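**Student:** Next comes query.txt, compact mmCIF, C-alpha atoms and all ligand atoms:
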```txt
# COMPACT_ATOMS: atom_id res chain seq x y z
CA MET I 677 0.00 0.00 0.00
CA GLN I 678 1.45 3.34 -1.04
CA PRO I 679 -0.15 5.86 1.32
CA LEU I 680 0.33 9.00 -0.70
CA GLU I 681 -1.09 7.48 -3.88
CA GLY I 682 -4.10 5.99 -2.18
CA PHE I 683 -4.61 9.05 -0.05
CA SER I 684 -7.03 11.10 -2.19
CA ALA I 685 -9.04 8.00 -3.06
CA ARG I 686 -9.36 7.19 0.62
CA LEU I 687 -10.56 10.68 1.38
CA LEU I 688 -13.63 9.99 -0.74
CA ILE I 689 -14.46 6.72 0.92
CA ASN I 690 -13.11 7.26 4.40
CA PRO I 691 -15.86 8.73 6.55
CA TYR I 692 -13.35 9.62 9.28
CA ILE I 693 -11.55 12.17 7.16
CA CYS I 694 -14.20 14.71 6.36
CA SER I 695 -12.46 17.33 4.31
CA MET I 696 -9.20 18.09 2.58
CA SER I 697 -8.30 20.50 5.34
CA GLU I 698 -8.33 17.75 7.94
CA LYS I 699 -5.01 15.93 8.02
CA ALA I 700 -4.81 12.17 8.17
CA ILE I 701 -3.61 10.80 11.50
CA VAL I 702 -0.35 8.94 11.98
CA MET I 703 0.50 7.01 15.13
CA SER I 704 3.50 4.98 16.19
CA GLY I 705 5.21 3.75 19.30
CA ILE I 706 8.63 2.63 20.43
CA ARG I 707 9.41 0.52 23.49
CA PRO I 708 11.97 2.04 25.88
CA THR I 709 13.88 -1.23 26.17
CA GLY I 710 17.18 -0.56 24.46
CA PHE I 711 19.48 2.01 22.98
CA LEU I 712 18.41 3.46 19.65
CA HIS I 713 20.72 2.57 16.80
CA LEU I 714 21.42 3.58 13.24
CA GLY I 715 18.79 1.12 11.98
CA ASN I 716 16.11 2.88 14.07
CA TYR I 717 17.37 6.21 12.80
CA PHE I 718 17.22 5.44 9.08
CA GLY I 719 14.36 2.95 9.31
CA ALA I 720 12.01 4.96 11.49
CA MET I 721 12.97 8.28 13.03
CA ARG I 722 14.21 9.96 9.87
CA ASN I 723 10.90 9.12 8.20
CA TYR I 724 8.85 10.28 11.19
CA VAL I 725 10.56 13.63 10.79
CA LYS I 726 9.08 13.88 7.29
CA LEU I 727 5.65 12.66 8.37
CA GLN I 728 5.34 15.31 11.07
CA GLU I 729 5.31 17.97 8.33
CA GLU I 730 2.31 16.51 6.53
CA TYR I 731 0.16 14.65 9.03
CA THR I 732 -1.21 14.93 12.53
CA CYS I 733 1.33 12.72 14.29
CA PHE I 734 1.23 10.91 17.61
CA PHE I 735 4.58 9.40 18.60
CA MET I 736 4.60 7.49 21.85
CA VAL I 737 7.07 5.84 24.21
CA ALA I 738 5.47 2.48 25.01
CA ASP I 739 6.41 2.15 28.68
CA LEU I 740 3.41 -0.10 29.44
CA HIS I 741 4.36 -2.52 26.70
CA ALA I 742 7.85 -2.62 28.20
CA LEU I 743 6.38 -4.02 31.42
CA THR I 744 5.30 -7.21 29.63
CA THR I 745 8.94 -8.19 29.25
CA HIS I 746 10.79 -5.91 31.68
CA PRO I 747 8.88 -5.93 35.00
CA ASP I 748 11.83 -4.38 36.85
CA THR I 749 11.22 -0.63 36.64
CA ARG I 750 14.41 0.66 38.25
CA GLU I 751 15.85 1.77 34.92
CA LEU I 752 12.57 2.65 33.26
CA LYS I 753 12.65 6.37 33.93
CA GLU I 754 16.15 6.80 32.54
CA ASN I 755 15.21 4.71 29.51
CA VAL I 756 12.06 6.72 28.81
CA HIS I 757 14.07 9.93 29.07
CA ARG I 758 16.76 8.59 26.78
CA VAL I 759 14.34 7.44 24.09
CA LEU I 760 12.59 10.80 24.17
CA ALA I 761 15.86 12.70 24.02
CA GLU I 762 17.17 10.57 21.15
CA ASN I 763 13.96 11.08 19.19
CA ILE I 764 14.08 14.84 19.63
CA ALA I 765 17.79 14.93 18.77
CA SER I 766 16.98 13.01 15.58
CA GLY I 767 14.58 15.71 14.48
CA ILE I 768 11.17 14.92 15.94
CA ASP I 769 9.74 18.27 16.86
CA PRO I 770 7.52 18.19 19.97
CA GLU I 771 5.83 21.35 18.67
CA LYS I 772 4.73 19.57 15.51
CA ALA I 773 4.05 16.02 16.68
CA ALA I 774 2.50 14.90 19.95
CA LEU I 775 5.44 13.19 21.65
CA TYR I 776 4.22 11.46 24.78
CA CYS I 777 4.46 8.62 27.19
CA GLN I 778 1.90 5.79 27.00
CA SER I 779 1.16 5.55 30.74
CA HIS I 780 0.26 9.24 30.89
CA ILE I 781 -2.87 8.55 28.85
CA LYS I 782 -5.26 6.72 31.17
CA GLU I 783 -7.83 6.42 28.38
CA THR I 784 -5.52 3.82 26.84
CA ALA I 785 -6.19 1.48 29.74
CA GLU I 786 -9.94 1.94 29.41
CA LEU I 787 -9.99 1.22 25.67
CA TYR I 788 -7.65 -1.75 26.19
CA LEU I 789 -10.20 -3.17 28.63
CA TYR I 790 -13.09 -2.88 26.19
CA LEU I 791 -11.03 -4.30 23.33
CA ASN I 792 -10.04 -7.28 25.46
CA MET I 793 -13.65 -8.37 25.36
CA LEU I 794 -13.42 -8.49 21.56
CA ALA I 795 -10.12 -10.37 21.41
CA TYR I 796 -10.12 -14.16 21.32
CA LEU I 797 -7.71 -16.39 23.19
CA GLY I 798 -7.04 -18.44 20.05
CA GLU I 799 -5.86 -15.53 17.93
CA LEU I 800 -3.76 -14.08 20.76
CA GLU I 801 -2.02 -17.40 21.38
CA LYS I 802 -1.25 -17.73 17.68
CA THR I 803 0.53 -14.35 17.45
CA THR I 804 4.16 -14.75 16.39
CA THR I 805 5.55 -12.21 18.86
CA PHE I 806 3.67 -13.88 21.72
CA LYS I 807 5.05 -17.30 20.84
CA ASP I 808 8.59 -15.89 20.53
CA LYS I 809 8.45 -14.03 23.83
CA ALA I 810 6.79 -16.93 25.66
CA ARG I 811 9.70 -19.09 24.55
CA LEU I 812 12.20 -16.49 25.79
CA GLN I 813 10.57 -16.02 29.21
CA PRO I 814 8.89 -19.34 30.09
CA ASP I 815 8.60 -18.29 33.75
CA ASN I 816 6.73 -15.09 32.99
CA ILE I 817 4.07 -15.78 30.37
CA ASN I 818 1.80 -13.10 31.79
CA ALA I 819 -1.60 -12.02 30.48
CA GLY I 820 -0.10 -8.68 29.44
CA LEU I 821 2.21 -10.51 27.09
CA LEU I 822 -0.76 -12.37 25.64
CA THR I 823 -2.80 -9.21 25.14
CA TYR I 824 0.15 -7.11 23.93
CA PRO I 825 -1.50 -6.66 20.48
CA VAL I 826 -4.72 -5.50 22.15
CA LEU I 827 -2.86 -2.76 23.99
CA GLN I 828 -1.13 -1.77 20.77
CA ALA I 829 -4.50 -1.59 18.98
CA ALA I 830 -5.76 0.65 21.79
CA ASP I 831 -2.75 2.98 21.35
CA ILE I 832 -3.49 3.34 17.67
CA ILE I 833 -7.26 3.59 17.50
CA LEU I 834 -7.45 5.84 20.55
CA HIS I 835 -6.51 8.60 18.10
CA ARG I 836 -8.51 7.08 15.24
CA ALA I 837 -5.24 6.88 13.34
CA THR I 838 -5.17 5.54 9.80
CA TRP I 839 -1.42 5.28 9.20
CA VAL I 840 1.04 3.41 11.37
CA PRO I 841 4.69 3.58 10.27
CA VAL I 842 6.21 0.34 11.55
CA GLY I 843 8.60 -2.36 10.45
CA LYS I 844 7.67 -5.73 8.98
CA ASP I 845 7.74 -7.39 12.41
CA GLN I 846 4.70 -5.34 13.46
CA GLU I 847 2.46 -6.15 10.51
CA GLN I 848 0.69 -8.99 12.27
CA HIS I 849 -0.17 -6.66 15.15
CA LEU I 850 -1.66 -4.22 12.68
CA GLU I 851 -3.73 -6.91 11.05
CA MET I 852 -5.04 -7.79 14.51
CA SER I 853 -5.82 -4.12 15.15
CA ARG I 854 -7.91 -4.10 11.97
CA ASN I 855 -9.77 -7.19 13.13
CA PHE I 856 -10.55 -5.62 16.51
CA VAL I 857 -11.76 -2.48 14.73
CA LYS I 858 -14.01 -4.49 12.39
CA ARG I 859 -15.51 -6.35 15.34
CA PHE I 860 -16.04 -3.18 17.33
CA ASN I 861 -17.62 -1.31 14.42
CA HIS I 862 -19.79 -4.28 13.54
CA ARG I 863 -21.05 -4.77 17.07
CA TYR I 864 -21.38 -1.18 18.29
CA GLY I 865 -21.42 1.02 15.17
CA GLU I 866 -18.77 2.78 13.12
CA VAL I 867 -16.35 4.53 15.43
CA PHE I 868 -12.90 3.58 14.19
CA PRO I 869 -11.13 3.65 10.82
CA GLU I 870 -9.01 0.61 10.01
CA PRO I 871 -5.34 1.40 10.63
CA MET I 872 -2.82 0.46 7.97
CA ALA I 873 0.94 0.09 7.84
CA TYR I 874 2.56 3.16 6.36
CA ASN I 875 5.07 1.94 3.84
CA PHE I 876 8.03 4.13 3.10
CA GLY I 877 8.69 2.32 -0.16
CA GLU I 878 11.78 3.87 -1.78
CA ASP I 879 12.64 5.74 1.38
CA LEU I 880 13.10 2.57 3.38
CA VAL I 881 16.85 2.06 3.50
CA LYS I 882 18.61 -1.00 4.83
CA VAL I 883 21.13 -0.54 7.59
CA PRO I 884 23.27 -3.67 7.57
CA SER I 885 24.97 -4.96 10.66
CA LEU I 886 28.77 -4.57 10.79
CA ASP I 887 29.37 -8.31 11.06
CA GLY I 888 27.80 -8.99 7.69
CA ALA I 889 24.90 -10.86 9.29
CA GLY I 890 21.49 -9.25 8.79
CA LYS I 891 20.42 -5.78 9.89
CA MET I 892 21.45 -3.69 12.87
CA SER I 893 19.18 -4.57 15.76
CA LYS I 894 18.51 -3.65 19.35
CA SER I 895 19.60 -6.82 21.04
CA GLU I 896 21.83 -8.84 18.73
CA ASN I 897 25.62 -8.45 18.55
CA GLN I 898 26.24 -5.07 20.15
CA MET I 899 29.68 -4.75 18.58
CA ALA I 900 28.08 -4.95 15.11
CA THR I 901 25.49 -2.25 15.85
CA LEU I 902 26.15 1.48 15.95
CA TYR I 903 24.12 3.16 18.68
CA LEU I 904 23.24 6.84 18.70
CA ALA I 905 24.82 6.92 22.17
CA ASP I 906 28.18 5.42 21.12
CA ASP I 907 31.16 7.71 21.72
CA ASP I 908 33.61 8.52 18.92
CA GLU I 909 36.17 5.89 19.97
CA MET I 910 33.49 3.20 20.15
CA ILE I 911 32.21 4.13 16.68
CA ARG I 912 35.75 3.91 15.24
CA LYS I 913 36.41 0.62 16.99
CA LYS I 914 33.21 -0.97 15.71
CA VAL I 915 33.64 0.21 12.13
CA MET I 916 37.30 -0.91 12.00
CA LYS I 917 36.24 -4.39 13.13
CA ALA I 918 33.80 -4.81 10.25
CA LYS I 919 34.48 -7.89 8.18
CA THR I 920 36.47 -7.44 4.95
CA ASP I 921 38.90 -9.53 2.91
CA ALA I 922 42.00 -9.06 0.74
CA GLY I 923 39.96 -7.42 -2.02
CA PRO I 924 39.08 -8.52 -5.54
CA THR I 925 41.87 -9.85 -7.74
CA GLU I 926 39.94 -9.95 -11.01
CA PRO I 927 37.89 -7.20 -12.65
CA ASN I 928 34.10 -7.58 -12.55
CA THR I 929 34.15 -9.65 -9.37
CA PRO I 930 30.76 -9.20 -7.71
CA LYS I 931 30.99 -7.77 -4.19
CA PRO I 932 30.49 -10.25 -1.36
CA ASP I 933 27.59 -9.33 0.96
CA TYR I 934 29.80 -8.03 3.77
CA ILE I 935 31.61 -5.68 1.33
CA GLN I 936 28.33 -4.55 -0.20
CA ASN I 937 27.26 -3.72 3.38
CA ILE I 938 30.21 -1.40 3.89
CA PHE I 939 29.36 0.44 0.67
CA GLN I 940 25.72 0.58 1.81
CA LEU I 941 26.75 2.14 5.15
CA MET I 942 28.93 4.62 3.28
CA SER I 943 25.98 5.58 1.09
CA LEU I 944 24.15 6.68 4.26
CA VAL I 945 26.79 8.95 5.74
CA SER I 946 29.63 9.64 3.29
CA LYS I 947 29.99 12.22 0.53
CA PRO I 948 29.36 11.07 -3.06
CA ASP I 949 32.98 11.66 -4.12
CA ALA I 950 34.31 9.42 -1.34
CA ILE I 951 31.90 6.67 -2.35
CA GLN I 952 32.84 7.04 -5.99
CA PHE I 953 36.53 6.85 -5.11
CA TYR I 954 36.11 3.46 -3.43
CA GLU I 955 33.72 2.17 -6.12
CA GLU I 956 36.38 2.91 -8.73
CA ALA I 957 39.15 1.43 -6.58
CA TYR I 958 37.05 -1.73 -6.28
CA VAL I 959 36.56 -2.00 -10.03
CA LYS I 960 40.31 -1.50 -10.59
CA CYS I 961 41.11 -4.12 -7.92
CA GLN I 962 43.04 -1.48 -6.00
CA ILE I 963 40.75 -1.08 -3.04
CA ARG I 964 42.26 -0.86 0.44
CA TYR I 965 39.59 -1.77 2.90
CA GLY I 966 41.59 -0.42 5.84
CA ASP I 967 41.48 3.06 4.31
CA MET I 968 37.86 2.67 3.33
CA LYS I 969 36.88 1.75 6.88
CA LYS I 970 38.87 4.69 8.26
CA GLN I 971 36.91 6.98 5.96
CA LEU I 972 33.62 5.35 6.94
CA ALA I 973 34.52 5.58 10.64
CA GLU I 974 35.22 9.31 10.40
CA ASP I 975 32.02 9.93 8.43
CA MET I 976 30.04 7.93 11.01
CA VAL I 977 31.60 9.97 13.81
CA SER I 978 30.64 13.20 12.02
CA PHE I 979 27.12 11.89 11.55
CA ILE I 980 26.43 10.38 14.97
CA SER I 981 28.31 12.71 17.34
CA PRO I 982 26.06 15.80 16.88
CA ILE I 983 22.96 13.63 17.49
CA ARG I 984 24.58 12.04 20.56
CA GLU I 985 25.61 15.39 22.00
CA LYS I 986 22.21 16.93 21.41
CA ALA I 987 20.49 13.90 22.99
CA GLU I 988 22.81 14.10 26.00
CA ALA I 989 22.04 17.76 26.52
CA ILE I 990 18.29 17.09 26.31
CA ARG I 991 18.58 14.08 28.62
CA ASN I 992 20.23 16.24 31.27
CA ASP I 993 17.55 18.91 31.00
CA LYS I 994 14.89 17.21 33.08
CA LYS I 995 12.73 20.31 33.18
CA TYR I 996 12.55 20.44 29.40
CA LEU I 997 11.79 16.71 29.19
CA THR I 998 8.95 17.07 31.67
CA GLN I 999 7.57 19.99 29.66
CA VAL I 1000 7.72 17.98 26.43
CA MET I 1001 5.99 14.99 28.02
CA GLU I 1002 3.27 17.16 29.53
CA ALA I 1003 2.60 19.03 26.31
CA GLY I 1004 2.56 15.75 24.36
CA ALA I 1005 0.21 14.14 26.87
CA ASP I 1006 -2.13 17.15 26.67
CA LYS I 1007 -2.42 16.76 22.90
CA ALA I 1008 -2.81 12.99 23.11
CA ARG I 1009 -5.39 13.25 25.91
CA GLU I 1010 -7.51 15.69 23.98
CA SER I 1011 -7.78 13.29 21.07
CA ALA I 1012 -8.21 10.30 23.42
CA ARG I 1013 -11.06 11.92 25.32
CA ALA I 1014 -12.95 12.74 22.14
CA THR I 1015 -12.62 9.13 21.00
CA MET I 1016 -13.64 7.64 24.34
CA GLU I 1017 -16.72 9.84 24.37
CA LYS I 1018 -17.74 8.22 21.07
CA VAL I 1019 -16.78 4.76 22.31
CA ARG I 1020 -18.92 4.95 25.45
CA GLN I 1021 -21.83 6.34 23.45
CA ALA I 1022 -21.55 3.60 20.84
CA MET I 1023 -21.24 0.87 23.47
CA GLY I 1024 -24.19 2.20 25.40
CA LEU I 1025 -22.11 2.84 28.51
CA VAL I 1026 -24.00 6.04 29.27
CA TYR I 1027 -26.53 5.90 32.05
N1 LIG I 1101 4.92 -3.03 19.49
C1 LIG I 1101 5.74 -1.99 18.99
C2 LIG I 1101 7.18 -2.49 18.91
O1 LIG I 1101 7.54 -3.44 19.53
C3 LIG I 1101 5.68 -0.74 19.83
C4 LIG I 1101 4.32 -0.12 19.87
C5 LIG I 1101 3.53 0.00 20.95
C6 LIG I 1101 3.64 0.47 18.78
N2 LIG I 1101 2.37 0.63 20.62
C7 LIG I 1101 2.40 0.93 19.29
C8 LIG I 1101 3.94 0.64 17.42
C9 LIG I 1101 1.47 1.54 18.46
C10 LIG I 1101 3.00 1.25 16.60
C11 LIG I 1101 1.77 1.68 17.13
O2 LIG I 1101 7.97 -1.87 18.25
```
With the file now loaded, output its structure as structure tokens.

**Tutor:**
Amino acid sequence: MQPLEGFSARLLINPYICSMSEKAIVMSGIRPTGFLHLGNYFGAMRNYVKLQEEYTCFFMVADLHALTTHPDTRELKENVHRVLAENIASGIDPEKAALYCQSHIKETAELYLYLNMLAYLGELEKTTTFKDKARLQPDNINAGLLTYPVLQAADIILHRATWVPVGKDQEQHLEMSRNFVKRFNHRYGEVFPEPMAYNFGEDLVKVPSLDGAGKMSKSENQMATLYLADDDEMIRKKVMKAKTDAGPTEPNTPKPDYIQNIFQLMSLVSKPDAIQFYEEAYVKCQIRYGDMKKQLAEDMVSFISPIREKAEAIRNDKKYLTQVMEAGADKARESARATMEKVRQAMGLVY
């Protein structure tokens, strides 16, 4: 689904968007359970920054979802602050988007409760993420873990959002959200639009891991992932450790995956002439990967360090963070209250 193409057509058929002047609603969430990395930056945050210019955006830190896997809350506050700070440092503007914390919106809990009555045990047990997490934490298969997709649906439809920018791993949750919406609307009357994954299409860039195995990710091999919080020395160390070989010996040798990955990383942060230099050196079988990685390391440092420093400054400004969270929660609450008014009416919970 290409949102922008389908957008005008949807305006005609979507009863929730009444006029051209009303912007479509975008909603997404991120769990505060790890350090943000370059994959998050290019895969999500950078695109959110574009969305906030065109849509009414709700971006949320999913602290309640974190409790399903991380019941120990000692580090939660710091983690919530860090995620917020890193998002702002990456360009999310709290004046444009509603940037808020999930647990500040009590209406979420109410909608989650109602939706739980429309969610079936069978479908929840079949969810891939539930099965994966149950396997990882066999001693804590709590009901919150089971109903994780119900809470996520509540987050989204609380704002009657239509577009949800998320990665592939979240598509099943979105499909479940649509099913809950269909059931609700069918039983109680049309209140919610069906939320859809917002696809970035061309804009979705791959950020390969430095060990040549898959993408950068939150939990896997930390030495192969560049975090927005990594200091300059750590960035250099990680880049210099990336896998290479002795280089091609014959012209027209296709690049092995792990070499292609280094070029791909360069394409994200290096200047075109530097990239061209190494492309030509490769073709001529004169490439020196040590030099190439030094170049990449310096370009990564130039790219990441301003974000890291900005995030650090924001993280230390607790007053500002509180202000941002309060302002975000105010915006989110306003939209949540309007929705819950409709929900209670539709359900007949008005006496
Ligand atoms: N489940 C999402 C994840 O693991 C986080 C999330 C929570 C979310 N609520 C959401 C994403 C609402 C999109 C919309 O990444």

**Student:** I need the residue nearest I:Gln936 from this list: I:Lys913, I:Lys960, I:Lys858, I:Lys882. Use all atoms listed in the file for the distance.

**Tutor:**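 Looking at the shortest contact to I:Gln936, the residue is I:Lys882.
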
**Student:** Counting only C-alpha atoms, which of I:Ala837, I:Cys961, I:Ala795, I:Ala1012 gets nearest to I:Ile701?

**Tutor:**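 Among the listed residues, the smallest separation from I:Ile701 belongs to I:Ala837.
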
**Student:** Within 7 Å of stretch 868-874 of chain I, counting all atoms listed in the file, which residues qualify if same-chain residues fewer than 3 places away don't, as a PyMOL selection string?

**Tutor:** chain I and resi 679+692+833+836-842+847+850+854+857+861

**Student:** I'd like the interatomic distance between atom CA of I:Ala1008 and atom CA of I:Ser766, to a tenth of an Å.

**Tutor:** 21.2 Å

**Student:** Please identify the residues whose atoms come within 10 Å of ligand LIG 1101 (chain I), using only C-alpha atoms and all ligand atoms, and report them as JSON, numbers by chain.

**Tutor:** {"I": [702, 703, 704, 705, 706, 707, 708, 709, 734, 735, 736, 737, 738, 739, 740, 741, 742, 778, 805, 824, 825, 826, 827, 828, 829, 830, 831, 832, 833, 837, 839, 840, 841, 842, 843, 845, 846, 847, 849, 850, 853, 871, 873]}

**Student:** What is the atom CA of I:Gly923 to atom CA of I:Met910 distance in Å?

**Tutor:** 25.4 Å

**Student:** So how many Å separate atom CA of I:Lys753 and atom CA of I:Asp993, to one decimal?

**Tutor:**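 So the two atoms, atom CA of I:Lys753 and atom CA of I:Asp993, lie 13.8 Å apart.
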
**Student:** Counting all atoms listed in the file, give me one row per residue of stretch 967-991 of chain I with an atom at most 12 Å from an atom of stretch 952-956 of chain I, showing the shortest contact pair and its distance in Å to one decimal, sorted by chain then residue number, as a tab-separated table.

**Tutor:**
```
residue	atom	partner	partner_atom	distance
I:Asp967	CA	I:Tyr954	CA	9.4
I:Met968	CA	I:Tyr954	CA	7.0
I:Lys969	CA	I:Tyr954	CA	10.5
I:Gln971	CA	I:Tyr954	CA	10.1
I:Leu972	CA	I:Tyr954	CA	10.8
```

**Student:** Pull stretch 803-821 of chain I out of the block and emit N, CA, C and O atoms, as a PDB file, in the first residue's frame.

**Tutor:**
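In the end it all went to out34.pdb:
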```
ATOM      1  N   THR I 803      -0.299 -15.476  17.885  1.00  0.00           N
ATOM      2  CA  THR I 803       0.530 -14.347  17.454  1.00  0.00           C
ATOM      3  C   THR I 803       2.017 -14.699  17.531  1.00  0.00           C
ATOM      4  O   THR I 803       2.488 -15.212  18.552  1.00  0.00           O
ATOM      5  N   THR I 804       2.735 -14.391  16.463  1.00  0.00           N
ATOM      6  CA  THR I 804       4.160 -14.750  16.394  1.00  0.00           C
ATOM      7  C   THR I 804       4.973 -14.154  17.539  1.00  0.00           C
ATOM      8  O   THR I 804       5.764 -14.846  18.171  1.00  0.00           O
ATOM      9  N   THR I 805       4.745 -12.850  17.809  1.00  0.00           N
ATOM     10  CA  THR I 805       5.550 -12.208  18.859  1.00  0.00           C
ATOM     11  C   THR I 805       5.251 -12.832  20.227  1.00  0.00           C
ATOM     12  O   THR I 805       6.143 -12.948  21.064  1.00  0.00           O
ATOM     13  N   PHE I 806       4.004 -13.233  20.441  1.00  0.00           N
ATOM     14  CA  PHE I 806       3.666 -13.882  21.718  1.00  0.00           C
ATOM     15  C   PHE I 806       4.415 -15.201  21.848  1.00  0.00           C
ATOM     16  O   PHE I 806       5.031 -15.484  22.883  1.00  0.00           O
ATOM     17  N   LYS I 807       4.380 -15.988  20.781  1.00  0.00           N
ATOM     18  CA  LYS I 807       5.050 -17.298  20.836  1.00  0.00           C
ATOM     19  C   LYS I 807       6.559 -17.121  21.066  1.00  0.00           C
ATOM     20  O   LYS I 807       7.154 -17.833  21.868  1.00  0.00           O
ATOM     21  N   ASP I 808       7.154 -16.137  20.373  1.00  0.00           N
ATOM     22  CA  ASP I 808       8.591 -15.890  20.527  1.00  0.00           C
ATOM     23  C   ASP I 808       8.924 -15.481  21.959  1.00  0.00           C
ATOM     24  O   ASP I 808       9.869 -15.982  22.572  1.00  0.00           O
ATOM     25  N   LYS I 809       8.139 -14.538  22.487  1.00  0.00           N
ATOM     26  CA  LYS I 809       8.454 -14.029  23.830  1.00  0.00           C
ATOM     27  C   LYS I 809       8.165 -15.079  24.902  1.00  0.00           C
ATOM     28  O   LYS I 809       8.885 -15.168  25.885  1.00  0.00           O
ATOM     29  N   ALA I 810       7.110 -15.866  24.694  1.00  0.00           N
ATOM     30  CA  ALA I 810       6.790 -16.930  25.659  1.00  0.00           C
ATOM     31  C   ALA I 810       7.952 -17.926  25.731  1.00  0.00           C
ATOM     32  O   ALA I 810       8.314 -18.415  26.801  1.00  0.00           O
ATOM     33  N   ARG I 811       8.562 -18.168  24.584  1.00  0.00           N
ATOM     34  CA  ARG I 811       9.699 -19.085  24.545  1.00  0.00           C
ATOM     35  C   ARG I 811      10.899 -18.486  25.288  1.00  0.00           C
ATOM     36  O   ARG I 811      11.630 -19.175  25.987  1.00  0.00           O
ATOM     37  N   LEU I 812      11.062 -17.168  25.158  1.00  0.00           N
ATOM     38  CA  LEU I 812      12.198 -16.491  25.794  1.00  0.00           C
ATOM     39  C   LEU I 812      12.033 -16.320  27.301  1.00  0.00           C
ATOM     40  O   LEU I 812      13.010 -16.229  28.024  1.00  0.00           O
ATOM     41  N   GLN I 813      10.796 -16.220  27.773  1.00  0.00           N
ATOM     42  CA  GLN I 813      10.570 -16.019  29.209  1.00  0.00           C
ATOM     43  C   GLN I 813       9.517 -16.997  29.725  1.00  0.00           C
ATOM     44  O   GLN I 813       8.445 -16.587  30.168  1.00  0.00           O
ATOM     45  N   PRO I 814       9.871 -18.300  29.724  1.00  0.00           N
ATOM     46  CA  PRO I 814       8.887 -19.339  30.089  1.00  0.00           C
ATOM     47  C   PRO I 814       8.347 -19.163  31.511  1.00  0.00           C
ATOM     48  O   PRO I 814       7.256 -19.649  31.810  1.00  0.00           O
ATOM     49  N   ASP I 815       9.078 -18.460  32.371  1.00  0.00           N
ATOM     50  CA  ASP I 815       8.605 -18.293  33.753  1.00  0.00           C
ATOM     51  C   ASP I 815       7.746 -17.056  33.931  1.00  0.00           C
ATOM     52  O   ASP I 815       7.305 -16.758  35.031  1.00  0.00           O
ATOM     53  N   ASN I 816       7.549 -16.305  32.856  1.00  0.00           N
ATOM     54  CA  ASN I 816       6.734 -15.089  32.991  1.00  0.00           C
ATOM     55  C   ASN I 816       5.823 -14.894  31.769  1.00  0.00           C
ATOM     56  O   ASN I 816       5.868 -13.877  31.104  1.00  0.00           O
ATOM     57  N   ILE I 817       5.021 -15.906  31.486  1.00  0.00           N
ATOM     58  CA  ILE I 817       4.071 -15.782  30.375  1.00  0.00           C
ATOM     59  C   ILE I 817       2.806 -15.130  30.939  1.00  0.00           C
ATOM     60  O   ILE I 817       1.818 -15.791  31.221  1.00  0.00           O
ATOM     61  N   ASN I 818       2.904 -13.810  31.133  1.00  0.00           N
ATOM     62  CA  ASN I 818       1.803 -13.096  31.790  1.00  0.00           C
ATOM     63  C   ASN I 818       0.716 -12.707  30.797  1.00  0.00           C
ATOM     64  O   ASN I 818       0.927 -12.717  29.576  1.00  0.00           O
ATOM     65  N   ALA I 819      -0.453 -12.353  31.344  1.00  0.00           N
ATOM     66  CA  ALA I 819      -1.600 -12.020  30.482  1.00  0.00           C
ATOM     67  C   ALA I 819      -1.319 -10.758  29.664  1.00  0.00           C
ATOM     68  O   ALA I 819      -1.845 -10.587  28.568  1.00  0.00           O
ATOM     69  N   GLY I 820      -0.462  -9.887  30.190  1.00  0.00           N
ATOM     70  CA  GLY I 820      -0.096  -8.682  29.445  1.00  0.00           C
ATOM     71  C   GLY I 820       0.659  -9.022  28.167  1.00  0.00           C
ATOM     72  O   GLY I 820       0.488  -8.379  27.130  1.00  0.00           O
ATOM     73  N   LEU I 821       1.464 -10.056  28.259  1.00  0.00           N
ATOM     74  CA  LEU I 821       2.208 -10.510  27.087  1.00  0.00           C
ATOM     75  C   LEU I 821       1.225 -11.051  26.040  1.00  0.00           C
ATOM     76  O   LEU I 821       1.340 -10.780  24.853  1.00  0.00           O
TER      77      LEU I 821
END
```
